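**Student:** Quick one: the structure is below, and I'll ask about it shortly.
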Amino acid sequence: MYGKIFESIYDGSLYGDWKAIAVLQQLIVLADEHGVVDMTPQAISGRSSFPLEIIEDGLKTLSSPDERSRSDKEDGKRIILTDPERGWGWSIVNYKYYRDLASRVEKQAADRARIAEKRNKNKDVAECRRVSQDVADVAHTDTYTDTKDMSIFDTFWSLYPRKDAKKKSSVAFMRLSKGNQHKAIEDIKTRYTDTPKQYVPIATTYINGERWEDGKDEPEKAKWI
């Protein structure tokens with residue numbers, strides 16, 4: 001069988017008793033799904049390759065009451081005989097508790113792994129969308145470059161105080177009507193003259209929002225002082 005061994009086994013009241021710890025580890029591995037090891041000491045010794053005297057010493061300690069044990073079940077005993085009259089065959093006292101705890105730990109680990117995988121997939125999807133949009137923007141830019149005179153955008157760009165996202169800005173600007181392009185150029189000559197650059201929106205925001213239609217709020221200048 002398979003049994004999960006928790007690190008706390010080394011820190012409890014068995015600390016320093018390596019024989020008891022080693023034997024308990026073997027019992028956890030050899031136990032069935034109910035925590036029962038239906039074997040004689042000689043059989044446990046043969047399966048584990050531990051000398052018989054170590055197995056017997058460990059079994060004696062594990063089956064003795066321990067007032068310092070973290071568990072108050074069976075007076076702190078780690079194992080009890082399944083049949084006192086037979087004299088061999090043991091049940092691990094807290095096996096079910098630790099088995100269920102191991103299942104919860106494994107489930108939590110599986111949940112964390114599943115969530116991390118989902119997040120990574122979402123990141124991949126977002127990245128694919130971003131790349132697709134960039135490709136689309138480049139395609140649009142190429143189309144406008146081939147079919148329209150870009151000099152009017154160059155004029156706008158030379159006047160605009162913030163130089164970010166030029167390619168996307170050119171796409172947005174070239175979609176405007178000729179009338180709006182000229183309005184934007186005239187407006188930008190004076191709109192942000194007193195505005196610190198960090199407060200100037202990027203050109204795509206200005207263009208898509210048709211900011212040239214907004215009135216200039218003179219009192220706003222006081223905010224930058």
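Every chain in the structure tokens has a letter given in the order shown (A, B, ...), and although residue numbers restart at 1 in each chain, ligands are simply numbered from 1 in the order shown.
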Within 12 Å of A:Lys178, counting only C-alpha atoms, which residues qualify if same-chain residues fewer than 6 places away don't, as a CSV table (one decimal) with N, CA and C atoms, in the first residue's frame?

**Tutor:**
```csv
chain,number,residue,atom,x,y,z
A,148,LYS,N,-3.4,56.2,-49.2
A,148,LYS,CA,-3.7,57.6,-48.8
A,148,LYS,C,-2.3,58.4,-48.6
A,149,ASP,N,-2.4,59.7,-48.8
A,149,ASP,CA,-1.3,60.5,-48.5
A,149,ASP,C,-1.1,60.7,-47.1
A,152,ILE,N,-0.4,64.4,-44.3
A,152,ILE,CA,-1.3,65.1,-43.4
A,152,ILE,C,-1.2,64.6,-42.0
A,153,PHE,N,-1.0,63.3,-41.9
A,153,PHE,CA,-0.7,62.7,-40.5
A,153,PHE,C,0.6,63.2,-40.0
A,184,ALA,N,-8.5,68.6,-36.3
A,184,ALA,CA,-7.6,68.1,-35.3
A,184,ALA,C,-6.3,68.9,-35.3
A,185,ILE,N,-5.8,69.1,-36.6
A,185,ILE,CA,-4.5,69.8,-36.7
A,185,ILE,C,-4.6,71.2,-36.2
```

**Student:** Quick check for you: according to DSSP on this backbone, which residues of stretch 41-214 of chain A are classed as helix (DSSP H, G or I)? Reply as a PDB file with C-alpha atoms, in the first residue's frame.

**Tutor:**
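Generated file (out_6.pdb):
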```
ATOM      1  CA  PRO A  41       6.840  -8.946  13.868  1.00  0.00           C
ATOM      2  CA  GLN A  42       8.838 -11.536  11.936  1.00  0.00           C
ATOM      3  CA  ALA A  43       6.861 -10.827   8.765  1.00  0.00           C
ATOM      4  CA  ILE A  44       7.278  -7.061   9.205  1.00  0.00           C
ATOM      5  CA  SER A  45      11.010  -7.593   9.660  1.00  0.00           C
ATOM      6  CA  GLY A  46      11.189  -9.689   6.507  1.00  0.00           C
ATOM      7  CA  ARG A  47       9.215  -7.198   4.388  1.00  0.00           C
ATOM      8  CA  SER A  48      11.031  -4.112   5.644  1.00  0.00           C
ATOM      9  CA  LEU A  52      13.665  -8.244  14.225  1.00  0.00           C
ATOM     10  CA  GLU A  53      14.911  -6.676  17.483  1.00  0.00           C
ATOM     11  CA  ILE A  54      14.432  -3.170  16.061  1.00  0.00           C
ATOM     12  CA  ILE A  55      10.913  -4.055  14.908  1.00  0.00           C
ATOM     13  CA  GLU A  56      10.051  -5.455  18.339  1.00  0.00           C
ATOM     14  CA  ASP A  57      11.498  -2.457  20.197  1.00  0.00           C
ATOM     15  CA  GLY A  58       9.615  -0.066  17.916  1.00  0.00           C
ATOM     16  CA  LEU A  59       6.331  -1.968  18.299  1.00  0.00           C
ATOM     17  CA  LYS A  60       6.695  -1.914  22.068  1.00  0.00           C
ATOM     18  CA  THR A  61       7.162   1.873  22.137  1.00  0.00           C
ATOM     19  CA  LEU A  62       4.361   2.534  19.650  1.00  0.00           C
ATOM     20  CA  LYS A  73      -6.943   8.546  21.609  1.00  0.00           C
ATOM     21  CA  GLU A  74      -6.048   5.232  23.219  1.00  0.00           C
ATOM     22  CA  ASP A  75      -4.021   7.081  25.890  1.00  0.00           C
ATOM     23  CA  GLY A  76      -1.596   8.348  23.265  1.00  0.00           C
ATOM     24  CA  TYR A  95      -4.542   6.357  10.361  1.00  0.00           C
ATOM     25  CA  LYS A  96      -7.912   7.579   9.085  1.00  0.00           C
ATOM     26  CA  TYR A  97      -7.242  11.132  10.297  1.00  0.00           C
ATOM     27  CA  TYR A  98      -3.889  11.340   8.513  1.00  0.00           C
ATOM     28  CA  ARG A  99      -5.219   9.552   5.428  1.00  0.00           C
ATOM     29  CA  ASP A 100      -8.014  12.111   5.127  1.00  0.00           C
ATOM     30  CA  LEU A 101      -5.528  14.919   5.833  1.00  0.00           C
ATOM     31  CA  ALA A 102      -3.275  13.618   3.070  1.00  0.00           C
ATOM     32  CA  SER A 103      -6.247  13.568   0.700  1.00  0.00           C
ATOM     33  CA  ARG A 104      -7.041  17.186   1.560  1.00  0.00           C
ATOM     34  CA  VAL A 105      -3.416  18.216   1.066  1.00  0.00           C
ATOM     35  CA  GLU A 106      -3.276  16.439  -2.286  1.00  0.00           C
ATOM     36  CA  LYS A 107      -6.589  17.964  -3.329  1.00  0.00           C
ATOM     37  CA  GLN A 108      -5.366  21.441  -2.397  1.00  0.00           C
ATOM     38  CA  ALA A 109      -2.195  20.852  -4.394  1.00  0.00           C
ATOM     39  CA  ALA A 110      -4.239  19.613  -7.359  1.00  0.00           C
ATOM     40  CA  ASP A 111      -6.544  22.637  -7.085  1.00  0.00           C
ATOM     41  CA  ARG A 112      -3.552  25.005  -7.046  1.00  0.00           C
ATOM     42  CA  ALA A 113      -2.078  23.263 -10.087  1.00  0.00           C
ATOM     43  CA  ARG A 114      -5.406  23.427 -11.931  1.00  0.00           C
ATOM     44  CA  ILE A 115      -5.848  27.131 -11.141  1.00  0.00           C
ATOM     45  CA  ALA A 116      -2.270  27.881 -12.237  1.00  0.00           C
ATOM     46  CA  GLU A 117      -2.832  25.977 -15.500  1.00  0.00           C
ATOM     47  CA  LYS A 118      -6.066  27.893 -16.123  1.00  0.00           C
ATOM     48  CA  ARG A 119      -4.319  31.211 -15.493  1.00  0.00           C
ATOM     49  CA  ASN A 120      -1.548  30.261 -17.896  1.00  0.00           C
ATOM     50  CA  LYS A 121      -4.131  29.345 -20.545  1.00  0.00           C
ATOM     51  CA  ASN A 122      -5.884  32.666 -20.027  1.00  0.00           C
ATOM     52  CA  LYS A 123      -2.548  34.464 -20.417  1.00  0.00           C
ATOM     53  CA  ASP A 124      -1.918  32.538 -23.641  1.00  0.00           C
ATOM     54  CA  VAL A 125      -5.356  33.498 -24.976  1.00  0.00           C
ATOM     55  CA  ALA A 126      -4.819  37.147 -24.050  1.00  0.00           C
ATOM     56  CA  GLU A 127      -1.405  37.123 -25.731  1.00  0.00           C
ATOM     57  CA  CYS A 128      -2.870  35.577 -28.891  1.00  0.00           C
ATOM     58  CA  ARG A 129      -5.538  38.271 -28.969  1.00  0.00           C
ATOM     59  CA  ARG A 130      -2.930  40.991 -28.481  1.00  0.00           C
ATOM     60  CA  VAL A 131      -0.760  39.622 -31.290  1.00  0.00           C
ATOM     61  CA  SER A 132      -3.790  39.307 -33.569  1.00  0.00           C
ATOM     62  CA  GLN A 133      -4.738  42.917 -32.879  1.00  0.00           C
ATOM     63  CA  ASP A 134      -1.180  44.061 -33.571  1.00  0.00           C
ATOM     64  CA  VAL A 135      -1.206  42.173 -36.864  1.00  0.00           C
ATOM     65  CA  ALA A 136      -4.571  43.717 -37.753  1.00  0.00           C
ATOM     66  CA  ASP A 137      -3.282  47.188 -36.898  1.00  0.00           C
ATOM     67  CA  VAL A 138      -0.222  46.685 -39.049  1.00  0.00           C
ATOM     68  CA  ALA A 139      -2.419  45.478 -41.903  1.00  0.00           C
ATOM     69  CA  HIS A 140      -4.621  48.559 -41.588  1.00  0.00           C
ATOM     70  CA  THR A 141      -1.571  50.788 -41.433  1.00  0.00           C
ATOM     71  CA  ASP A 142      -0.145  49.245 -44.566  1.00  0.00           C
ATOM     72  CA  THR A 143      -3.454  49.742 -46.353  1.00  0.00           C
ATOM     73  CA  TYR A 144      -3.661  53.405 -45.415  1.00  0.00           C
ATOM     74  CA  THR A 145      -0.021  53.937 -46.301  1.00  0.00           C
ATOM     75  CA  ASP A 146      -0.561  52.454 -49.729  1.00  0.00           C
ATOM     76  CA  THR A 147      -3.805  54.241 -50.559  1.00  0.00           C
ATOM     77  CA  SER A 151       1.773  63.716 -45.130  1.00  0.00           C
ATOM     78  CA  ILE A 152      -1.292  65.121 -43.393  1.00  0.00           C
ATOM     79  CA  PHE A 153      -0.734  62.696 -40.517  1.00  0.00           C
ATOM     80  CA  ASP A 154       2.928  63.695 -40.399  1.00  0.00           C
ATOM     81  CA  THR A 155       1.790  67.284 -39.910  1.00  0.00           C
ATOM     82  CA  PHE A 156      -0.515  66.261 -37.075  1.00  0.00           C
ATOM     83  CA  TRP A 157       2.182  64.114 -35.474  1.00  0.00           C
ATOM     84  CA  SER A 158       4.764  66.873 -35.571  1.00  0.00           C
ATOM     85  CA  LEU A 159       2.376  69.117 -33.616  1.00  0.00           C
ATOM     86  CA  LYS A 166       2.597  56.383 -33.578  1.00  0.00           C
ATOM     87  CA  LYS A 167       1.507  53.467 -35.736  1.00  0.00           C
ATOM     88  CA  LYS A 168      -1.876  53.060 -34.001  1.00  0.00           C
ATOM     89  CA  SER A 169      -2.306  56.814 -34.021  1.00  0.00           C
ATOM     90  CA  SER A 170      -1.737  56.954 -37.774  1.00  0.00           C
ATOM     91  CA  VAL A 171      -4.357  54.264 -38.335  1.00  0.00           C
ATOM     92  CA  ALA A 172      -6.909  56.149 -36.216  1.00  0.00           C
ATOM     93  CA  PHE A 173      -6.077  59.511 -37.801  1.00  0.00           C
ATOM     94  CA  MET A 174      -6.311  58.257 -41.377  1.00  0.00           C
ATOM     95  CA  LYS A 178     -10.615  65.173 -44.298  1.00  0.00           C
ATOM     96  CA  GLY A 179     -12.601  67.795 -42.437  1.00  0.00           C
ATOM     97  CA  ASN A 180     -11.913  66.221 -39.031  1.00  0.00           C
ATOM     98  CA  GLN A 181      -8.245  65.770 -39.872  1.00  0.00           C
ATOM     99  CA  HIS A 182      -7.899  69.497 -40.480  1.00  0.00           C
ATOM    100  CA  LYS A 183      -9.927  70.286 -37.350  1.00  0.00           C
ATOM    101  CA  ALA A 184      -7.589  68.112 -35.289  1.00  0.00           C
ATOM    102  CA  ILE A 185      -4.512  69.822 -36.705  1.00  0.00           C
ATOM    103  CA  GLU A 186      -5.843  73.295 -36.020  1.00  0.00           C
ATOM    104  CA  ASP A 187      -7.023  72.340 -32.531  1.00  0.00           C
ATOM    105  CA  ILE A 188      -3.792  70.687 -31.466  1.00  0.00           C
ATOM    106  CA  LYS A 197       3.258  66.293 -21.168  1.00  0.00           C
ATOM    107  CA  GLN A 198       2.342  63.620 -18.610  1.00  0.00           C
ATOM    108  CA  TYR A 199      -1.226  64.919 -18.561  1.00  0.00           C
ATOM    109  CA  ALA A 203      -2.889  60.550 -29.606  1.00  0.00           C
ATOM    110  CA  THR A 204      -5.240  57.589 -30.172  1.00  0.00           C
ATOM    111  CA  THR A 205      -7.329  58.724 -27.189  1.00  0.00           C
ATOM    112  CA  TYR A 206      -7.437  62.269 -28.551  1.00  0.00           C
ATOM    113  CA  ILE A 207      -8.383  61.101 -32.046  1.00  0.00           C
ATOM    114  CA  ASN A 208     -10.939  58.433 -31.139  1.00  0.00           C
ATOM    115  CA  ARG A 211     -11.299  65.934 -28.542  1.00  0.00           C
ATOM    116  CA  TRP A 212     -11.146  68.836 -30.993  1.00  0.00           C
ATOM    117  CA  GLU A 213     -14.908  69.077 -30.466  1.00  0.00           C
TER     118      GLU A 213
END
```

**Student:** What is the distance, in Å and to one decimal place, between atom CA of A:Lys216 and atom CA of A:Val200?

**Tutor:** 13.5 Å

**Student:** Could you list, as number ranges by chain, every residue within 10 Å of stretch 79-85 of chain A, counting only C-alpha atoms and ignoring same-chain residues fewer than 2 positions away?

**Tutor:** A: 24, 27, 35-38, 59-65, 74, 76-77, 87-95

**Student:** Which of stretch 54-223 of chain A counts as strand (DSSP E or B) under DSSP, as an mmCIF file with N, CA and C atoms, in the first residue's frame please?

**Tutor:**
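Heads up, here's the output in out01.cif:
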```
data_model
loop_
_atom_site.group_PDB
_atom_site.id
_atom_site.type_symbol
_atom_site.label_atom_id
_atom_site.label_comp_id
_atom_site.auth_asym_id
_atom_site.auth_seq_id
_atom_site.Cartn_x
_atom_site.Cartn_y
_atom_site.Cartn_z
ATOM 1 N N ILE A 79 -0.305 2.598 18.042
ATOM 2 C CA ILE A 79 -0.886 1.385 17.468
ATOM 3 C C ILE A 79 -1.552 0.576 18.579
ATOM 4 N N ILE A 80 -2.548 -0.209 18.211
ATOM 5 C CA ILE A 80 -3.193 -1.122 19.168
ATOM 6 C C ILE A 80 -3.364 -2.475 18.479
ATOM 7 N N LEU A 81 -3.385 -3.518 19.271
ATOM 8 C CA LEU A 81 -3.584 -4.857 18.718
ATOM 9 C C LEU A 81 -4.995 -4.990 18.163
ATOM 10 N N TRP A 90 -1.649 -5.203 14.060
ATOM 11 C CA TRP A 90 -1.884 -3.904 14.699
ATOM 12 C C TRP A 90 -2.720 -2.976 13.811
ATOM 13 N N SER A 91 -3.409 -2.075 14.481
ATOM 14 C CA SER A 91 -4.158 -1.019 13.810
ATOM 15 C C SER A 91 -3.518 0.322 14.180
ATOM 16 N N ILE A 92 -3.206 1.125 13.193
ATOM 17 C CA ILE A 92 -2.629 2.451 13.454
ATOM 18 C C ILE A 92 -3.758 3.367 13.934
#
```

**Student:** For A:Asp11, please output as a PDB file with N, CA and C atoms, in the first residue's frame all residues within 12 Å (counting only C-alpha atoms; exclusion window: fewer than 3 positions along the same chain).

**Tutor:**
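New file around.pdb:
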```
ATOM      1  N   PHE A   6       3.893  12.433   7.117  1.00  0.00           N
ATOM      2  CA  PHE A   6       4.026  13.871   7.354  1.00  0.00           C
ATOM      3  C   PHE A   6       5.301  14.170   8.136  1.00  0.00           C
ATOM      4  N   GLU A   7       5.865  15.323   7.859  1.00  0.00           N
ATOM      5  CA  GLU A   7       7.108  15.739   8.501  1.00  0.00           C
ATOM      6  C   GLU A   7       6.957  15.829  10.015  1.00  0.00           C
ATOM      7  N   SER A   8       5.732  16.054  10.493  1.00  0.00           N
ATOM      8  CA  SER A   8       5.496  16.196  11.936  1.00  0.00           C
ATOM      9  C   SER A   8       5.846  14.932  12.718  1.00  0.00           C
ATOM     10  N   LEU A  14       7.835  11.397  19.796  1.00  0.00           N
ATOM     11  CA  LEU A  14       8.766  10.327  19.425  1.00  0.00           C
ATOM     12  C   LEU A  14      10.149  10.867  19.070  1.00  0.00           C
ATOM     13  N   TYR A  15      10.295  12.170  19.168  1.00  0.00           N
ATOM     14  CA  TYR A  15      11.571  12.806  18.805  1.00  0.00           C
ATOM     15  C   TYR A  15      12.743  12.133  19.524  1.00  0.00           C
ATOM     16  N   GLY A  16      13.744  11.728  18.741  1.00  0.00           N
ATOM     17  CA  GLY A  16      14.929  11.098  19.310  1.00  0.00           C
ATOM     18  C   GLY A  16      14.849   9.579  19.358  1.00  0.00           C
ATOM     19  N   ASP A  17      13.642   9.001  19.229  1.00  0.00           N
ATOM     20  CA  ASP A  17      13.487   7.546  19.262  1.00  0.00           C
ATOM     21  C   ASP A  17      13.432   7.039  17.819  1.00  0.00           C
ATOM     22  N   TRP A  18      14.591   6.879  17.212  1.00  0.00           N
ATOM     23  CA  TRP A  18      14.632   6.552  15.799  1.00  0.00           C
ATOM     24  C   TRP A  18      14.019   5.194  15.495  1.00  0.00           C
ATOM     25  N   ILE A  21      10.228   5.668  15.300  1.00  0.00           N
ATOM     26  CA  ILE A  21       9.888   6.418  14.092  1.00  0.00           C
ATOM     27  C   ILE A  21      10.037   5.544  12.856  1.00  0.00           C
ATOM     28  N   ARG A  68       2.509  12.455  26.454  1.00  0.00           N
ATOM     29  CA  ARG A  68       2.979  13.617  25.707  1.00  0.00           C
ATOM     30  C   ARG A  68       2.505  13.622  24.247  1.00  0.00           C
ATOM     31  N   SER A  69       1.767  12.604  23.862  1.00  0.00           N
ATOM     32  CA  SER A  69       1.307  12.519  22.485  1.00  0.00           C
ATOM     33  C   SER A  69       0.320  13.636  22.172  1.00  0.00           C
ATOM     34  N   ARG A  70       0.332  14.085  20.911  1.00  0.00           N
ATOM     35  CA  ARG A  70      -0.617  15.124  20.493  1.00  0.00           C
ATOM     36  C   ARG A  70      -2.043  14.605  20.458  1.00  0.00           C
TER      37      ARG A  70
END
```

**Student:** Of the candidates A:Val23, A:Ser13, A:Gly209, A:Ser49, which shows the shortest atom-to-atom distance to A:Glu67, using only C-alpha atoms?

**Tutor:**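 Smallest separation from A:Glu67 among the options: A:Ser13.
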
**Student:** So how far away is atom CA of A:Pro196 from atom CA of A:Leu176, in Å?

**Tutor:**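 A separation of 26.6 Å between them.
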